[in-house]
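Student: Input file: structure.cif. Contents: mmCIF, C-alpha atoms.
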data_my_file
loop_
_atom_site.label_atom_id
_atom_site.label_comp_id
_atom_site.auth_asym_id
_atom_site.auth_seq_id
_atom_site.Cartn_x
_atom_site.Cartn_y
_atom_site.Cartn_z
CA MET I 22 47.54 -39.72 -14.98
CA ARG I 23 49.36 -36.38 -14.91
CA PHE I 24 47.77 -33.22 -13.48
CA THR I 25 48.48 -30.15 -15.59
CA SER I 26 46.66 -27.39 -13.67
CA GLU I 27 44.76 -26.76 -10.46
CA HIS I 28 42.24 -24.00 -9.77
CA ARG I 29 40.04 -23.15 -6.80
CA LEU I 30 36.70 -22.11 -8.25
CA ASP I 31 33.82 -20.49 -6.39
CA GLY I 32 32.96 -21.90 -2.99
CA ASP I 33 34.65 -25.19 -2.14
CA LEU I 34 35.10 -26.43 -5.72
CA LEU I 35 38.57 -27.56 -6.77
CA GLU I 36 39.15 -28.14 -10.49
CA ARG I 37 42.17 -30.11 -11.67
CA ARG I 38 42.93 -30.73 -15.33
CA PHE I 39 44.86 -33.84 -16.27
CA THR I 40 46.07 -35.95 -19.13
CA LEU I 41 45.80 -39.71 -19.32
CA GLY I 42 48.28 -40.56 -22.04
CA ASP I 43 47.13 -38.19 -24.79
CA ILE I 44 43.58 -37.88 -23.44
CA PRO I 45 42.67 -34.60 -21.68
CA GLY I 46 40.32 -34.68 -18.71
CA ILE I 47 39.01 -32.66 -15.76
CA LEU I 48 38.47 -33.69 -12.14
CA TRP I 49 36.32 -31.71 -9.72
CA THR I 50 36.40 -32.31 -5.97
CA ALA I 51 35.62 -30.47 -2.76
CA ALA I 52 38.74 -28.49 -1.78
CA SER I 53 38.12 -29.16 1.91
CA ALA I 54 37.42 -32.90 1.55
CA PRO I 55 39.78 -35.02 3.68
CA PRO I 56 41.54 -37.89 1.85
CA SER I 57 40.51 -40.16 4.73
CA ALA I 58 36.86 -39.93 3.63
CA PRO I 59 36.79 -40.95 -0.07
CA ALA I 60 33.95 -39.40 -2.06
CA PRO I 61 31.88 -41.48 -4.48
CA LEU I 62 32.57 -40.62 -8.11
CA ILE I 63 30.30 -39.50 -10.95
CA LEU I 64 31.63 -39.79 -14.51
CA LEU I 65 30.20 -36.91 -16.53
CA GLY I 66 29.42 -37.94 -20.10
CA HIS I 67 28.92 -35.40 -22.88
CA PRO I 68 28.39 -35.25 -26.66
CA PRO I 69 31.42 -35.25 -29.00
CA LEU I 70 31.61 -31.47 -29.30
CA GLY I 71 34.87 -30.91 -27.42
CA LEU I 72 35.54 -30.18 -23.74
CA HIS I 73 36.14 -26.49 -24.46
CA ARG I 74 32.68 -26.05 -25.94
CA MET I 75 31.01 -28.27 -23.33
CA TYR I 76 32.90 -26.83 -20.37
CA PRO I 77 30.23 -24.40 -19.03
CA ARG I 78 27.61 -27.15 -18.80
CA LEU I 79 30.06 -29.73 -17.46
CA ALA I 80 31.36 -27.35 -14.79
CA GLU I 81 27.81 -26.55 -13.68
CA ARG I 82 26.94 -30.25 -13.43
CA ALA I 83 30.17 -30.85 -11.51
CA ARG I 84 29.40 -27.99 -9.14
CA HIS I 85 26.08 -29.58 -8.20
CA ALA I 86 27.66 -33.04 -7.90
CA VAL I 87 30.41 -31.83 -5.56
CA ALA I 88 27.87 -29.90 -3.47
CA ASP I 89 26.00 -33.21 -3.06
CA GLY I 90 29.13 -34.91 -1.73
CA PHE I 91 30.57 -36.46 -4.90
CA ALA I 92 33.74 -36.14 -6.93
CA ALA I 93 33.09 -35.63 -10.67
CA ALA I 94 35.28 -36.22 -13.68
CA THR I 95 35.16 -36.17 -17.46
CA ILE I 96 37.48 -36.93 -20.38
CA GLU I 97 37.72 -35.70 -23.96
CA LEU I 98 36.01 -38.07 -26.37
CA PRO I 99 37.89 -39.58 -29.34
CA GLY I 100 37.88 -37.33 -32.41
CA SER I 101 36.82 -34.27 -30.36
CA GLY I 102 38.54 -31.13 -29.18
CA ASP I 103 42.26 -31.20 -29.93
CA ARG I 104 42.32 -34.97 -30.42
CA PRO I 105 42.97 -36.27 -33.97
CA ARG I 106 39.98 -36.21 -36.29
CA TRP I 107 38.52 -39.36 -37.86
CA PRO I 108 37.92 -38.91 -41.59
CA ALA I 109 35.49 -41.86 -41.69
CA VAL I 110 33.40 -40.46 -38.83
CA ASP I 111 33.47 -36.97 -40.37
CA GLN I 112 32.15 -38.54 -43.59
CA ALA I 113 29.38 -40.28 -41.63
CA ARG I 114 28.41 -36.92 -40.09
CA ALA I 115 28.24 -35.41 -43.57
CA ASP I 116 26.11 -38.32 -44.78
CA LEU I 117 23.77 -37.86 -41.81
CA ARG I 118 23.34 -34.15 -42.49
CA ARG I 119 22.68 -34.83 -46.15
CA ALA I 120 20.01 -37.45 -45.37
CA MET I 121 18.29 -35.24 -42.79
CA GLU I 122 18.29 -32.17 -45.03
CA ALA I 123 16.79 -34.24 -47.84
CA GLY I 124 14.13 -35.68 -45.53
CA GLU I 125 15.40 -39.20 -46.17
CA PRO I 126 15.49 -42.00 -43.58
CA VAL I 127 18.82 -42.42 -41.81
CA GLY I 128 20.07 -45.90 -42.65
CA ASP I 129 21.73 -48.34 -40.28
CA ASP I 130 24.97 -48.00 -42.23
CA ILE I 131 25.19 -44.29 -41.43
CA VAL I 132 24.29 -44.80 -37.75
CA ASP I 133 26.83 -47.59 -37.35
CA ALA I 134 29.60 -45.61 -39.08
CA LEU I 135 28.85 -42.55 -36.95
CA VAL I 136 28.41 -44.11 -33.50
CA LEU I 137 30.15 -47.48 -33.23
CA PRO I 138 33.76 -46.26 -33.74
CA LEU I 139 33.16 -43.72 -30.97
CA VAL I 140 31.74 -46.36 -28.61
CA ASP I 141 34.48 -48.88 -29.41
CA ARG I 142 37.22 -46.43 -28.47
CA ALA I 143 35.53 -44.30 -25.79
CA VAL I 144 34.43 -47.11 -23.46
CA PRO I 145 37.95 -48.55 -22.93
CA GLU I 146 39.20 -44.99 -22.36
CA TRP I 147 36.53 -44.37 -19.73
CA ARG I 148 37.56 -47.61 -18.01
CA ASP I 149 41.23 -46.57 -18.05
CA ALA I 150 40.28 -43.19 -16.60
CA LEU I 151 38.26 -44.93 -13.91
CA ASP I 152 41.31 -47.04 -12.97
CA ALA I 153 43.41 -43.90 -12.54
CA LEU I 154 40.74 -41.87 -10.73
CA LEU I 155 39.99 -44.55 -8.16
CA ASP I 156 43.71 -44.72 -7.32
CA LEU I 157 43.67 -41.08 -6.19
CA PRO I 158 43.37 -40.21 -2.49
CA GLY I 159 39.95 -38.87 -1.58
CA ILE I 160 38.07 -40.70 -4.34
CA GLY I 161 36.33 -44.05 -3.97
CA GLY I 162 33.28 -45.98 -5.01
CA PRO I 163 30.54 -46.42 -5.70
CA VAL I 164 30.68 -44.96 -9.21
CA GLY I 165 27.90 -43.47 -11.31
CA TYR I 166 27.77 -42.44 -14.97
CA SER I 167 25.69 -39.45 -16.03
CA GLY I 168 24.74 -38.04 -19.43
CA GLY I 169 26.55 -38.12 -22.74
CA VAL I 170 26.05 -40.33 -25.77
CA ILE I 171 23.57 -43.01 -24.72
CA SER I 172 25.34 -45.76 -26.66
CA ILE I 173 28.55 -45.09 -24.72
CA GLY I 174 26.68 -45.12 -21.42
CA THR I 175 24.87 -48.31 -22.33
CA ARG I 176 28.01 -50.25 -23.18
CA LEU I 177 29.91 -48.88 -20.19
CA ALA I 178 27.10 -49.90 -17.84
CA ALA I 179 27.02 -53.35 -19.46
CA VAL I 180 30.76 -54.11 -19.23
CA GLU I 181 32.05 -52.10 -16.24
CA PRO I 182 31.10 -53.70 -12.89
CA ARG I 183 32.26 -50.64 -10.92
CA VAL I 184 29.41 -48.54 -12.35
CA SER I 185 26.61 -48.90 -9.82
CA ALA I 186 23.97 -46.62 -11.37
CA ALA I 187 23.56 -44.49 -14.50
CA VAL I 188 21.65 -41.50 -15.77
CA LEU I 189 21.33 -41.69 -19.57
CA PHE I 190 20.06 -39.08 -22.03
CA ALA I 191 18.07 -40.53 -24.92
CA GLY I 192 19.19 -37.86 -27.36
CA SER I 193 21.32 -39.59 -29.98
CA LEU I 194 21.11 -42.20 -32.71
CA VAL I 195 21.52 -45.81 -31.53
CA PRO I 196 23.03 -48.68 -33.57
CA ARG I 197 21.09 -51.94 -33.55
CA VAL I 198 23.87 -53.80 -31.73
CA ILE I 199 23.45 -51.47 -28.74
CA PHE I 200 19.86 -52.69 -28.30
CA GLU I 201 21.27 -56.17 -27.74
CA GLU I 202 23.91 -54.88 -25.35
CA ALA I 203 21.21 -53.04 -23.40
CA ARG I 204 19.79 -56.40 -22.29
CA GLN I 205 23.04 -56.97 -20.37
CA VAL I 206 22.62 -53.78 -18.32
CA THR I 207 21.36 -54.57 -14.83
CA VAL I 208 22.26 -51.49 -12.76
CA PRO I 209 19.55 -48.98 -11.75
CA LEU I 210 18.86 -46.54 -14.58
CA HIS I 211 17.28 -43.12 -14.89
CA VAL I 212 16.68 -42.24 -18.56
CA LEU I 213 15.87 -38.71 -19.72
CA LEU I 214 13.84 -38.28 -22.93
CA GLN I 215 12.89 -35.05 -24.66
CA TRP I 216 9.56 -35.90 -26.31
CA ASP I 217 9.93 -33.46 -29.20
CA ASP I 218 13.63 -33.98 -29.90
CA GLU I 219 13.75 -33.05 -33.57
CA GLY I 220 16.94 -34.90 -34.43
CA ASN I 221 16.22 -38.28 -32.86
CA ASP I 222 13.80 -41.16 -33.14
CA ARG I 223 11.40 -41.19 -30.18
CA GLN I 224 10.27 -44.75 -30.83
CA ALA I 225 13.87 -45.96 -30.94
CA ALA I 226 14.47 -44.33 -27.56
CA LEU I 227 11.40 -46.06 -26.12
CA ASP I 228 12.50 -49.38 -27.61
CA LEU I 229 15.95 -48.99 -26.08
CA PHE I 230 14.46 -48.25 -22.68
CA ASP I 231 12.34 -51.37 -23.00
CA ALA I 232 15.44 -53.42 -23.89
CA PHE I 233 17.41 -52.52 -20.77
CA GLY I 234 17.69 -55.52 -18.46
CA SER I 235 17.64 -53.47 -15.25
CA GLU I 236 14.96 -54.35 -12.72
CA GLU I 237 14.94 -50.71 -11.61
CA LYS I 238 14.66 -48.30 -14.52
CA THR I 239 12.82 -45.01 -14.76
CA LEU I 240 11.93 -43.07 -17.91
CA HIS I 241 11.60 -39.33 -17.29
CA ALA I 242 10.02 -37.82 -20.42
CA ASN I 243 9.46 -34.10 -20.90
CA MET I 244 7.96 -31.98 -23.62
CA GLY I 245 10.42 -29.94 -25.64
CA GLY I 246 13.34 -30.22 -28.02
CA HIS I 247 16.86 -31.56 -27.65
CA THR I 248 18.23 -28.66 -25.60
CA GLY I 249 15.07 -27.99 -23.61
CA VAL I 250 15.62 -30.31 -20.64
CA PRO I 251 13.85 -28.58 -17.72
CA GLY I 252 15.71 -27.90 -14.50
CA PHE I 253 13.48 -30.15 -12.45
CA ALA I 254 14.45 -33.10 -14.66
CA GLY I 255 18.10 -32.53 -13.81
CA ASP I 256 17.19 -32.29 -10.12
CA ALA I 257 15.38 -35.64 -10.32
CA ALA I 258 18.42 -37.23 -11.96
CA ALA I 259 20.67 -35.87 -9.20
CA ARG I 260 18.38 -37.28 -6.53
CA PHE I 261 18.48 -40.65 -8.28
CA LEU I 262 22.28 -40.77 -8.17
CA THR I 263 22.38 -39.60 -4.56
CA ARG I 264 19.96 -42.34 -3.55
CA HIS I 265 22.01 -45.05 -5.23
CA LEU I 266 25.56 -43.82 -4.63
CA ARG I 267 25.19 -42.35 -1.14
CA PRO I 268 22.91 -44.78 0.71
#
In structure tokens, how does this file's structure come out?
Tutor:
Amino acid sequence: MRFTSEHRLDGDLLERRFTLGDIPGILWTAASAPPSAPAPLILLGHPPLGLHRMYPRLAERARHAVADGFAAATIELPGSGDRPRWPAVDQARADLRRAMEAGEPVGDDIVDALVLPLVDRAVPEWRDALDALLDLPGIGGPVGYSGGVISIGTRLAAVEPRVSAAVLFAGSLVPRVIFEEARQVTVPLHVLLQWDDEGNDRQAALDLFDAFGSEEKTLHANMGGHTGVPGFAGDAAARFLTRHLRP
């Protein structure tokens, strides 16, 4: 991990940009935090729209996380931002748009081609980032994952034992294989669902929630579309992570 810039933002928020190989990322910590008291870490997931476009929302989430006593970090997803594009995934996106505009059902082949390459590459990258982040002074466990593509969060929670709790957003298409992987997830979960999300299958989201193997799992459903998550839902998710990562 190589830090490329460091900025003191408002209040006590320190933002450091880094690269992990060719993967860009951002780490947020409290500027006044002593290295002798490692902060628990929240990995901030996001959709594959690029860190530049997602930055305002990520920085706001990080600001709240650091104010609650956490460190927060994110990385650029494969095929996003300045990272190389994937022609096959771009084709799958075009096929998805075509099916939705025509009012046709979205087939498993499109979902798999769109989501699985991203999951297959992103999860190992998140684990590599976690290795590097936990080696830094002032950062320690436990670790939480929050937001982003739910298939990425599901697989990461299933295979990464250092993730102790997760907040997942049921706002994206889910390949069938991820339903099977969800049965391997045992950490506490808090799942956000927008009831009127126009671009996603509500029943599939409910089925995925049912498939999770966690003994403690909460579904927080709200009226409204994909981008209409109310503020109190975010507050409830933050309280969930605080309860499980800062006992």
Student: Counting all atoms listed in the file, which residue out of I:Ala88, I:Met244, I:Ala203, I:Leu213 sits closest to I:Ala232?
Tutor: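 Ranked by minimum distance to I:Ala232, first place goes to I:Ala203.
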Student: Pick the closest to I:Pro61 from I:Asp89, I:Glu122, I:Asp133, I:Asp222: which is it, counting all atoms listed in the file?
Tutor: I:Asp89
Student: Could you expand the PyMOL selection byres ((chain I and resi 169) around 7) into the explicit residues it covers here, written as a VMD selection string?
Tutor: chain I and resid 66 to 68 167 to 168 170 to 171 190
Student: Need the shell around I:Gly100: protein/DNA/RNA residues with any atom at most 9 Å away, counting all atoms listed in the file. Skip same-chain ones fewer than 5 positions apart. Format as a list in words?
Tutor: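 Near neighbours after the sequence-gap exclusion: Pro69, Gly71, Pro105, Arg106, Trp107, Val110 and Leu139 of chain I.
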Student: Under the rule of at most 10 Å, produce a per-residue listing of stretch 127-216 of chain I near stretch 41-56 of chain I: chain, number, name, the closest pair of atoms, and the distance in Å, as a Markdown table, using all atoms listed in the file.
Tutor:
| residue | atom | partner | partner_atom | distance |
| --- | --- | --- | --- | --- |
| I:Glu146 | CA | I:Ile44 | CA | 8.4 |
| I:Asp149 | CA | I:Leu41 | CA | 8.3 |
| I:Ala150 | CA | I:Leu41 | CA | 7.1 |
| I:Ala153 | CA | I:Leu41 | CA | 8.3 |
| I:Leu154 | CA | I:Leu48 | CA | 8.6 |
| I:Leu157 | CA | I:Pro56 | CA | 8.9 |
| I:Pro158 | CA | I:Pro56 | CA | 5.3 |
| I:Gly159 | CA | I:Pro56 | CA | 3.9 |
| I:Ile160 | CA | I:Pro56 | CA | 7.6 |
| I:Gly161 | CA | I:Pro56 | CA | 9.9 |
Student: With C-alpha atoms retained, could you export that selection as a compact mmCIF listing (two decimals), in the coordinates of the input?
Tutor:
# COMPACT_ATOMS: atom_id res chain seq x y z
CA GLU I 146 39.20 -44.99 -22.36
CA ASP I 149 41.23 -46.57 -18.05
CA ALA I 150 40.28 -43.19 -16.60
CA ALA I 153 43.41 -43.90 -12.54
CA LEU I 154 40.74 -41.87 -10.73
CA LEU I 157 43.67 -41.08 -6.19
CA PRO I 158 43.37 -40.21 -2.49
CA GLY I 159 39.95 -38.87 -1.58
CA ILE I 160 38.07 -40.70 -4.34
CA GLY I 161 36.33 -44.05 -3.97
Student: Using only C-alpha atoms, can you tell me which of I:Arg148, I:Ala259, I:Ser172, I:Glu202 comes closest to I:Ala226?
Tutor: I:Ser172
Student: Suppose a student applies the PyMOL selection byres ((chain I and resi 194) around 10) to this structure; what residues should they get, written as a ChimeraX atom specification?
Tutor: /I:127,129,131-133,135-136,170-172,191-193,195-197,220-222,225-226
Student: Output the selection as a CSV table (one decimal), keeping the file's coordinate frame - C-alpha atoms for each residue.
Tutor:
chain,number,residue,atom,x,y,z
I,127,VAL,CA,18.8,-42.4,-41.8
I,129,ASP,CA,21.7,-48.3,-40.3
I,131,ILE,CA,25.2,-44.3,-41.4
I,132,VAL,CA,24.3,-44.8,-37.8
I,133,ASP,CA,26.8,-47.6,-37.4
I,135,LEU,CA,28.8,-42.6,-37.0
I,136,VAL,CA,28.4,-44.1,-33.5
I,170,VAL,CA,26.0,-40.3,-25.8
I,171,ILE,CA,23.6,-43.0,-24.7
I,172,SER,CA,25.3,-45.8,-26.7
I,191,ALA,CA,18.1,-40.5,-24.9
I,192,GLY,CA,19.2,-37.9,-27.4
I,193,SER,CA,21.3,-39.6,-30.0
I,195,VAL,CA,21.5,-45.8,-31.5
I,196,PRO,CA,23.0,-48.7,-33.6
I,197,ARG,CA,21.1,-51.9,-33.6
I,220,GLY,CA,16.9,-34.9,-34.4
I,221,ASN,CA,16.2,-38.3,-32.9
I,222,ASP,CA,13.8,-41.2,-33.1
I,225,ALA,CA,13.9,-46.0,-30.9
I,226,ALA,CA,14.5,-44.3,-27.6
Student: What does the distance from atom CA of I:Arg37 to atom CA of I:Arg104 come to in Å, to one decimal?
Tutor: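 It comes out at 19.4 Å.
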Student: Using only C-alpha atoms, determine which residues lie at most 6 Å from I:Ser185, disregarding the query and same-chain residues fewer than 5 positions distant; provide the list as JSON, numbers by chain.
Tutor: {"I": [164, 165, 208]}
Student: Hey, what comes out of the PyMOL selection byres ((chain I and resi 80) around 10) on this file? Could you write it as an mmCIF file with C-alpha atoms, keeping the file's coordinate frame?
Tutor:
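The resulting result23.cif:
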data_model
loop_
_atom_site.group_PDB
_atom_site.id
_atom_site.type_symbol
_atom_site.label_atom_id
_atom_site.label_comp_id
_atom_site.auth_asym_id
_atom_site.auth_seq_id
_atom_site.Cartn_x
_atom_site.Cartn_y
_atom_site.Cartn_z
ATOM 1 C CA LEU I 30 36.700 -22.110 -8.250
ATOM 2 C CA LEU I 34 35.100 -26.430 -5.720
ATOM 3 C CA GLU I 36 39.150 -28.140 -10.490
ATOM 4 C CA ILE I 47 39.010 -32.660 -15.760
ATOM 5 C CA LEU I 48 38.470 -33.690 -12.140
ATOM 6 C CA TRP I 49 36.320 -31.710 -9.720
ATOM 7 C CA LEU I 65 30.200 -36.910 -16.530
ATOM 8 C CA MET I 75 31.010 -28.270 -23.330
ATOM 9 C CA TYR I 76 32.900 -26.830 -20.370
ATOM 10 C CA PRO I 77 30.230 -24.400 -19.030
ATOM 11 C CA ARG I 78 27.610 -27.150 -18.800
ATOM 12 C CA LEU I 79 30.060 -29.730 -17.460
ATOM 13 C CA GLU I 81 27.810 -26.550 -13.680
ATOM 14 C CA ARG I 82 26.940 -30.250 -13.430
ATOM 15 C CA ALA I 83 30.170 -30.850 -11.510
ATOM 16 C CA ARG I 84 29.400 -27.990 -9.140
ATOM 17 C CA HIS I 85 26.080 -29.580 -8.200
ATOM 18 C CA ALA I 86 27.660 -33.040 -7.900
ATOM 19 C CA ALA I 93 33.090 -35.630 -10.670
ATOM 20 C CA ALA I 94 35.280 -36.220 -13.680
ATOM 21 C CA THR I 95 35.160 -36.170 -17.460
#
Student: Between atom CA of I:Leu210 and atom CA of I:Glu236, what is the spacing in Å?
Tutor: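 For atom CA of I:Glu236 relative to atom CA of I:Leu210, the distance reads 8.9 Å.
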Student: Which residue, I:Leu240, I:Leu70, I:Asp33, I:Tyr166, has the smallest gap to I:Leu98 when you use all atoms listed in the file?
Tutor: I:Leu70
Student: Between I:Asp218, I:Ile63, I:Arg176, I:Ala115, which residue has the minimum interatomic distance to I:Val87, considering only C-alpha atoms?
Tutor: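 Of I:Asp218, I:Ile63, I:Arg176, I:Ala115, the one nearest I:Val87 is I:Ile63, counting only C-alpha atoms.
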Student: Please indicate the distance in Å from atom CA of I:Asp31 to atom CA of I:His73, rounded to one decimal place.
Tutor: 19.2 Å
Student: Between I:Ala123, I:Leu151, I:Val198, I:Leu137, which has the minimum distance to I:Pro182 (counting all atoms listed in the file)?
Tutor: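 Comparing I:Ala123, I:Leu151, I:Val198, I:Leu137 against I:Pro182, the winner is I:Leu151.
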Student: Mind checking which residues fall within 7 Å of I:Ser235, counting only C-alpha atoms, ignoring those fewer than 5 positions away in the same chain, and posting them as a count of residues only?
Tutor: 4
